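What follows is the content of start.txt (compact mmCIF, C-alpha atoms).
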# COMPACT_ATOMS: atom_id res chain seq x y z
CA MET A 18 -40.88 7.09 1.27
CA ASP A 19 -41.17 4.58 4.06
CA ALA A 20 -38.15 4.84 6.38
CA SER A 21 -37.84 1.07 6.36
CA SER A 22 -37.28 1.13 2.60
CA THR A 23 -33.75 2.39 3.16
CA ASP A 24 -33.01 -0.97 4.77
CA ILE A 25 -33.09 -2.62 1.35
CA GLU A 26 -32.01 0.24 -0.94
CA ILE A 27 -28.41 -0.10 -2.08
CA ALA A 28 -26.25 2.99 -2.32
CA PHE A 29 -23.11 1.20 -3.59
CA ASN A 30 -23.05 -2.32 -5.00
CA ILE A 31 -19.38 -3.28 -5.05
CA SER A 32 -19.82 -7.02 -5.49
CA PRO A 33 -18.13 -9.36 -4.79
CA ILE A 34 -16.55 -7.22 -2.05
CA MET A 35 -19.45 -5.50 -0.29
CA LYS A 36 -22.80 -3.79 -0.55
CA VAL A 37 -23.48 -0.47 1.14
CA TYR A 38 -27.09 0.44 1.88
CA LYS A 39 -28.60 3.90 2.13
CA ASN A 40 -29.14 3.43 5.85
CA SER A 41 -25.30 3.13 6.16
CA HIS A 42 -25.43 -0.62 6.76
CA VAL A 43 -22.48 -2.43 5.17
CA GLU A 44 -22.86 -6.05 4.05
CA ARG A 45 -19.51 -7.75 3.59
CA LEU A 46 -19.58 -10.35 0.83
CA ALA A 47 -16.00 -11.50 1.37
CA GLY A 48 -13.73 -11.50 4.39
CA GLU A 49 -10.49 -12.77 5.78
CA GLU A 50 -10.09 -15.43 8.44
CA VAL A 51 -7.81 -14.26 11.23
CA VAL A 52 -5.80 -16.92 13.04
CA PRO A 53 -4.16 -16.31 16.43
CA PRO A 54 -0.39 -15.76 16.65
CA SER A 55 1.61 -18.89 17.37
CA LEU A 56 4.84 -20.82 16.88
CA ASP A 57 4.62 -22.75 13.62
CA PRO A 58 6.31 -26.13 14.23
CA LYS A 59 6.90 -26.71 10.50
CA THR A 60 8.74 -23.45 9.80
CA ASN A 61 9.90 -22.64 13.33
CA VAL A 62 8.58 -19.12 12.85
CA GLU A 63 6.98 -17.42 15.84
CA SER A 64 4.41 -14.62 15.61
CA LYS A 65 2.84 -12.18 18.03
CA ASP A 66 0.45 -9.21 17.86
CA VAL A 67 1.46 -5.73 19.02
CA VAL A 68 -0.60 -2.59 19.54
CA ILE A 69 0.88 0.48 17.89
CA SER A 70 -1.90 2.91 18.83
CA LYS A 71 -4.75 1.77 21.06
CA GLU A 72 -6.56 5.07 20.54
CA ASP A 73 -6.63 4.70 16.74
CA GLY A 74 -6.85 0.92 16.60
CA ILE A 75 -3.51 0.45 14.84
CA SER A 76 -1.87 -2.92 15.36
CA ALA A 77 0.56 -5.25 13.64
CA ARG A 78 1.59 -8.89 13.66
CA LEU A 79 5.31 -9.59 13.99
CA PHE A 80 7.06 -12.73 12.72
CA ILE A 81 10.53 -13.98 13.59
CA PRO A 82 12.39 -17.23 12.81
CA LYS A 83 13.26 -18.96 16.07
CA THR A 84 16.95 -19.55 15.52
CA ASN A 85 19.87 -18.91 17.84
CA TYR A 86 21.43 -15.91 16.13
CA PRO A 87 24.64 -14.33 17.41
CA SER A 88 23.86 -11.10 19.26
CA SER A 89 25.71 -9.16 16.55
CA GLN A 90 23.65 -10.62 13.68
CA LYS A 91 20.64 -8.56 12.60
CA LEU A 92 17.81 -9.51 10.26
CA PRO A 93 16.29 -7.50 7.39
CA LEU A 94 12.82 -6.10 8.12
CA PHE A 95 10.01 -6.88 5.66
CA VAL A 96 6.89 -4.74 6.30
CA TYR A 97 3.76 -6.06 4.59
CA PHE A 98 0.46 -4.22 4.14
CA HIS A 99 -2.72 -6.17 3.53
CA GLY A 100 -5.18 -4.94 0.92
CA ALA A 101 -8.14 -4.37 3.23
CA PRO A 102 -8.48 -0.79 4.51
CA GLU A 103 -11.41 -0.29 6.87
CA HIS A 104 -11.88 3.49 6.61
CA LEU A 105 -12.09 6.19 3.97
CA VAL A 106 -8.93 7.24 2.16
CA PRO A 107 -6.47 8.58 3.25
CA ILE A 108 -6.94 7.23 6.81
CA ALA A 109 -5.21 3.92 5.99
CA HIS A 110 -2.29 5.77 4.40
CA GLU A 111 -1.85 8.02 7.44
CA ASP A 112 -2.21 5.11 9.87
CA SER A 113 0.43 3.21 7.91
CA TRP A 114 2.78 6.18 8.09
CA ARG A 115 2.30 6.28 11.85
CA ALA A 116 3.07 2.57 11.98
CA ARG A 117 6.30 3.14 10.02
CA LYS A 118 7.32 5.87 12.46
CA TRP A 119 6.65 3.40 15.28
CA VAL A 120 8.95 0.92 13.56
CA ALA A 121 11.63 3.60 13.15
CA SER A 122 11.44 4.39 16.87
CA HIS A 123 13.28 1.10 17.47
CA ALA A 124 16.30 2.06 15.34
CA GLY A 125 18.29 3.11 18.40
CA GLY A 126 17.42 -0.06 20.31
CA ASN A 127 15.08 1.73 22.72
CA GLY A 128 11.67 1.10 21.18
CA PRO A 129 8.70 -0.55 22.93
CA ASP A 130 9.17 -3.99 21.29
CA GLU A 131 12.19 -6.15 22.13
CA TRP A 132 12.05 -8.19 18.92
CA LEU A 133 12.62 -5.07 16.86
CA ASN A 134 15.18 -3.66 19.28
CA LEU A 135 17.32 -6.79 19.31
CA HIS A 136 16.99 -8.42 15.91
CA VAL A 137 16.32 -5.86 13.14
CA ASP A 138 18.86 -4.39 10.74
CA PHE A 139 17.28 -0.99 10.06
CA GLY A 140 19.65 -0.51 7.15
CA LYS A 141 17.76 -3.24 5.26
CA VAL A 142 14.05 -2.40 5.31
CA PHE A 143 11.57 -3.40 2.61
CA PHE A 144 7.91 -2.45 2.07
CA SER A 145 5.41 -4.69 0.33
CA GLY A 146 1.68 -5.25 -0.02
CA ASP A 147 -1.10 -6.56 -2.22
CA ASN A 148 -3.84 -4.57 -3.94
CA ALA A 149 -4.66 -1.62 -1.68
CA GLY A 150 -1.70 -2.65 0.46
CA ALA A 151 0.59 -2.26 -2.56
CA ASN A 152 -0.89 1.18 -3.15
CA ILE A 153 -0.06 2.11 0.45
CA SER A 154 3.48 0.70 0.10
CA HIS A 155 4.05 2.89 -2.94
CA TYR A 156 2.68 5.93 -1.09
CA LEU A 157 5.02 5.29 1.84
CA ASP A 158 7.96 4.82 -0.51
CA ILE A 159 7.34 8.27 -1.99
CA ARG A 160 6.80 9.78 1.46
CA VAL A 161 10.02 8.33 2.84
CA GLY A 162 11.81 9.86 -0.15
CA THR A 163 10.33 13.31 0.41
CA GLU A 164 10.21 13.49 4.22
CA GLY A 165 12.75 10.91 5.30
CA LEU A 166 12.44 8.35 8.09
CA PRO A 167 15.38 8.82 10.48
CA GLY A 168 17.17 5.64 11.45
CA VAL A 169 15.67 3.60 8.61
CA LYS A 170 17.08 2.85 5.17
CA LEU A 171 14.39 1.73 2.74
CA GLU A 172 16.09 -0.72 0.38
CA GLY A 173 13.14 -1.53 -1.84
CA ILE A 174 9.43 -2.15 -2.35
CA ALA A 175 7.61 -5.17 -3.80
CA LEU A 176 4.11 -4.47 -5.14
CA VAL A 177 1.68 -7.36 -5.68
CA HIS A 178 -1.34 -6.54 -7.85
CA PRO A 179 -1.01 -2.80 -7.03
CA TYR A 180 -4.30 -0.92 -6.89
CA PHE A 181 -3.52 1.87 -9.36
CA TRP A 182 -6.02 3.54 -11.65
CA GLY A 183 -6.56 6.70 -13.69
CA VAL A 184 -8.97 8.62 -15.90
CA ASP A 185 -7.25 7.50 -19.09
CA ARG A 186 -7.75 3.84 -19.94
CA ILE A 187 -4.66 1.68 -20.52
CA GLY A 188 -4.56 -1.42 -22.70
CA PHE A 189 -7.69 -3.56 -22.58
CA GLU A 190 -9.36 -1.40 -19.90
CA GLY A 191 -11.27 0.45 -22.61
CA GLU A 192 -12.84 -2.84 -23.70
CA ARG A 193 -14.16 -3.67 -20.21
CA ALA A 194 -16.61 -0.89 -19.47
CA LYS A 195 -18.42 -2.75 -16.68
CA HIS A 196 -15.19 -3.62 -14.87
CA SER A 197 -13.88 -0.06 -15.24
CA ALA A 198 -17.12 1.32 -13.83
CA LYS A 199 -16.80 -0.91 -10.75
CA VAL A 200 -13.24 0.26 -10.14
CA ASN A 201 -14.35 3.88 -10.48
CA ASP A 202 -17.25 3.31 -8.07
CA LEU A 203 -15.01 1.60 -5.51
CA TRP A 204 -12.53 4.48 -5.56
CA ARG A 205 -15.33 7.07 -5.38
CA PHE A 206 -16.78 5.20 -2.40
CA SER A 207 -13.38 4.87 -0.70
CA CYS A 208 -12.49 8.54 -0.98
CA PRO A 209 -15.50 10.74 -1.89
CA THR A 210 -13.69 13.99 -1.07
CA MET A 211 -10.54 13.36 -3.14
CA MET A 212 -9.67 14.39 -6.71
CA GLY A 213 -11.19 11.41 -8.51
CA SER A 214 -9.39 8.72 -10.49
CA ASP A 215 -6.39 10.93 -11.23
CA ASP A 216 -5.70 11.60 -7.58
CA PRO A 217 -1.98 10.93 -6.96
CA LEU A 218 -2.93 8.35 -4.31
CA ILE A 219 -4.32 6.08 -7.01
CA ASN A 220 -2.57 7.36 -10.15
CA PRO A 221 1.18 7.50 -9.40
CA ALA A 222 1.91 9.20 -12.74
CA LYS A 223 0.11 12.29 -11.38
CA ASP A 224 2.18 12.46 -8.19
CA PRO A 225 4.29 15.67 -8.30
CA ASN A 226 6.84 13.99 -6.03
CA LEU A 227 7.43 11.05 -8.37
CA GLY A 228 11.04 11.10 -9.47
CA CYS A 229 12.14 13.72 -6.97
CA ARG A 230 14.58 11.11 -5.66
CA LEU A 231 16.60 9.33 -8.33
CA TRP A 232 16.77 6.13 -6.26
CA LEU A 233 13.03 5.61 -6.79
CA GLU A 234 13.73 4.40 -10.32
CA SER A 235 16.01 1.60 -9.21
CA ARG A 236 13.83 0.62 -6.25
CA TRP A 237 10.72 -0.32 -8.27
CA ARG A 238 9.94 -4.00 -8.17
CA ALA A 239 7.20 -5.84 -10.06
CA VAL A 240 6.65 -9.24 -8.51
CA ASP A 241 3.68 -10.42 -10.51
CA GLY A 242 2.55 -10.36 -14.11
CA ASN A 243 -0.83 -8.87 -13.26
CA ALA A 244 -1.91 -5.43 -12.20
CA GLY A 245 -4.31 -5.20 -9.25
CA ALA A 246 -7.05 -2.90 -10.45
CA TRP A 247 -6.78 -4.15 -14.01
CA GLY A 248 -6.97 -7.83 -13.14
CA GLY A 249 -5.22 -8.79 -16.38
CA ASN A 250 -1.86 -9.02 -18.09
CA ASP A 251 -1.29 -5.40 -19.13
CA ASN A 252 1.03 -4.66 -16.24
CA ASP A 253 3.97 -4.49 -18.67
CA LEU A 254 2.24 -1.61 -20.43
CA LEU A 255 1.56 0.11 -17.12
CA LEU A 256 5.19 -0.29 -16.02
CA GLU A 257 6.47 0.93 -19.38
CA THR A 258 4.29 4.05 -19.19
CA TRP A 259 5.23 4.63 -15.55
CA MET A 260 8.95 4.15 -16.16
CA GLU A 261 8.89 6.46 -19.19
CA GLU A 262 7.33 9.11 -16.96
CA MET A 263 10.01 8.58 -14.31
CA TRP A 264 12.82 8.67 -16.88
CA GLN A 265 11.52 11.96 -18.27
CA ARG A 266 11.47 13.51 -14.81
CA ARG A 267 14.92 12.09 -14.09
CA GLN A 268 16.22 13.79 -17.22
CA GLU A 269 14.53 17.05 -16.20
CA LEU A 270 16.28 16.89 -12.84
CA ALA A 271 19.61 16.13 -14.48
CA ASP A 272 19.15 19.05 -16.92
CA GLY A 273 18.01 21.39 -14.15
CA THR A 274 14.60 21.86 -15.75
CA GLN A 275 11.05 20.92 -14.75
CA HIS A 276 8.26 20.99 -17.31
CA GLN A 277 4.88 22.25 -16.19
CA ARG A 278 2.23 19.57 -16.29
Any chance you could put this one into structure tokens?
Amino acid sequence: MDASSTDIEIAFNISPIMKVYKNSHVERLAGEEVVPPSLDPKTNVESKDVVISKEDGISARLFIPKTNYPSSQKLPLFVYFHGAPEHLVPIAHEDSWRARKWVASHAGGNGPDEWLNLHVDFGKVFFSGDNAGANISHYLDIRVGTEGLPGVKLEGIALVHPYFWGVDRIGFEGERAKHSAKVNDLWRFSCPTMMGSDDPLINPAKDPNLGCRLWLESRWRAVDGNAGAWGGNDNDLLLETWMEEMWQRRQELADGTQHQR
């Protein structure tokens, strides 16, 4: 085979997101416009970019309303994850955990960023995200529950179109074979060394840590009628199945038993 033929041979066609060629070239079919940080005159909200880890390329954009608050008044912290990881799973999850530890380093007022030191109430922290970002938010929620995050109290999470999936089809997924195949291919491309579509990172019902903290049940928030990977209106079915699973584990904990799965 002519070496140049790999320039046009597609290894993964994940339209309308991207195409990956056998020569490792990635063609992005959709992107996000990045605007510089600024002071928005309409909302009076100021933003700035901060580097969390120069070595690993981890950064964040901070936003704060420009109001003259009393020095004793602190603001809740809302941490939002965008649904656009750039590396194979679980790199984005681990980078996000490092970012959360960076945030927590400000809880004593001695962190590297003055906005966080002076203005944040670390007893009122919320995680959120869309699509893959919602998946990461859920992962961090579980991890905070199992490992803790000293100095930070996670009050809740808000998941927008969460990117969850699984081997078993739910609702109308079984009627959309082409769509299901694309979701499977995207996950296989994103994490080729993981456990497949029932990996706990994408199927929360398979996470052995789910329900190990009773507060997880009351912290779940669904902020949209659609589910990310499903792209339809069967999120109620997903939530019902997920909540039934959590309730069962809650009862097991209360009874002092744990069924083998």
Practice problem: For atom CA of A:Lys141 and atom CA of A:Asp66, quote the distance in Å rounded to one decimal. | Solution: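 Calculated distance between atom CA of A:Lys141 and atom CA of A:Asp66 is 22.2 Å.
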Contact table stretch 35-113 of chain A vs stretch 209-222 of chain A, cut-off 9 Å, shortest pair per residue, only C-alpha atoms, as JSON lines:
{"residue": "A:Leu105", "atom": "CA", "partner": "A:Pro209", "partner_atom": "CA", "distance": 8.2}
{"residue": "A:Val106", "atom": "CA", "partner": "A:Met211", "partner_atom": "CA", "distance": 8.3}
{"residue": "A:Pro107", "atom": "CA", "partner": "A:Leu218", "partner_atom": "CA", "distance": 8.4}
Exercise. Give the answer as one residue: which of A:Tyr38, A:Phe29, A:Phe80, A:Tyr156 has the shortest atom-to-atom distance to A:Leu133, using all atoms listed in the file?
Key: A:Phe80
Exercise. Would you mind reading off the distance between atom CA of A:Asn152 and atom CA of A:Asn40, one decimal, in Å?
Key: 29.7 Å
Quiz item: Of the candidates A:Val169, A:Phe95, A:Phe189, A:His178, which one gets nearest to A:Ser145 if we count only C-alpha atoms?
Solution: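 Among the listed residues, the smallest separation from A:Ser145 belongs to A:Phe95.
Counting all atoms listed in the file and comparing A:Pro225, A:Pro179, A:Gly191, A:Gly125, the residue that lies closest to A:Pro167 is A:Gly125.
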Quiz item: Near stretch 74-79 of chain A, counting all atoms listed in the file, which residues have an atom at most 8 Å away, once you skip same-chain residues fewer than 6 positions from it, shown as a PyMOL selection string?
Solution: chain A and resi 54+64-68+112+116
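Nearest residue to A:Tyr97 among A:Ala175, A:Val161, A:Ala198, A:Ala121 is A:Ala175, counting only C-alpha atoms.
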Quiz prompt | Separation of atom CA of A:Val43 from atom CA of A:Leu203 in Å | solution = 13.6 Å
Exercise. Skip stretch 147-151 of chain A itself and residues of its chain fewer than 6 positions away, then list as a VMD selection string all residues within 10 Å of it, counting all atoms listed in the file.
Key: chain A and resid 97 to 102 109 to 110 113 157 174 to 181 219 244 to 246
Quiz prompt | Residue with smallest distance to A:His104 - pool A:Asp73, A:Lys118, A:Glu26, A:Leu166, counting all atoms listed in the file | solution =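 Of A:Asp73, A:Lys118, A:Glu26, A:Leu166, the one nearest A:His104, counting all atoms listed in the file, is A:Asp73.
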Quiz prompt | Selected residue of minimal separation from A:Glu111 among A:Arg160, A:Phe143, A:Val62, A:Val137, counting only C-alpha atoms | solution = A:Arg160
Quick one: what's the axis-aligned box for stretch 86-105 of chain A, all listed atoms, 8 Å on every side, centre and edges in Å to one decimal, as AutoDock Vina command-line options?
--center_x 6.8 --center_y -4.9 --center_z 10.1 --size_x 53.8 --size_y 38.1 --size_z 34.3
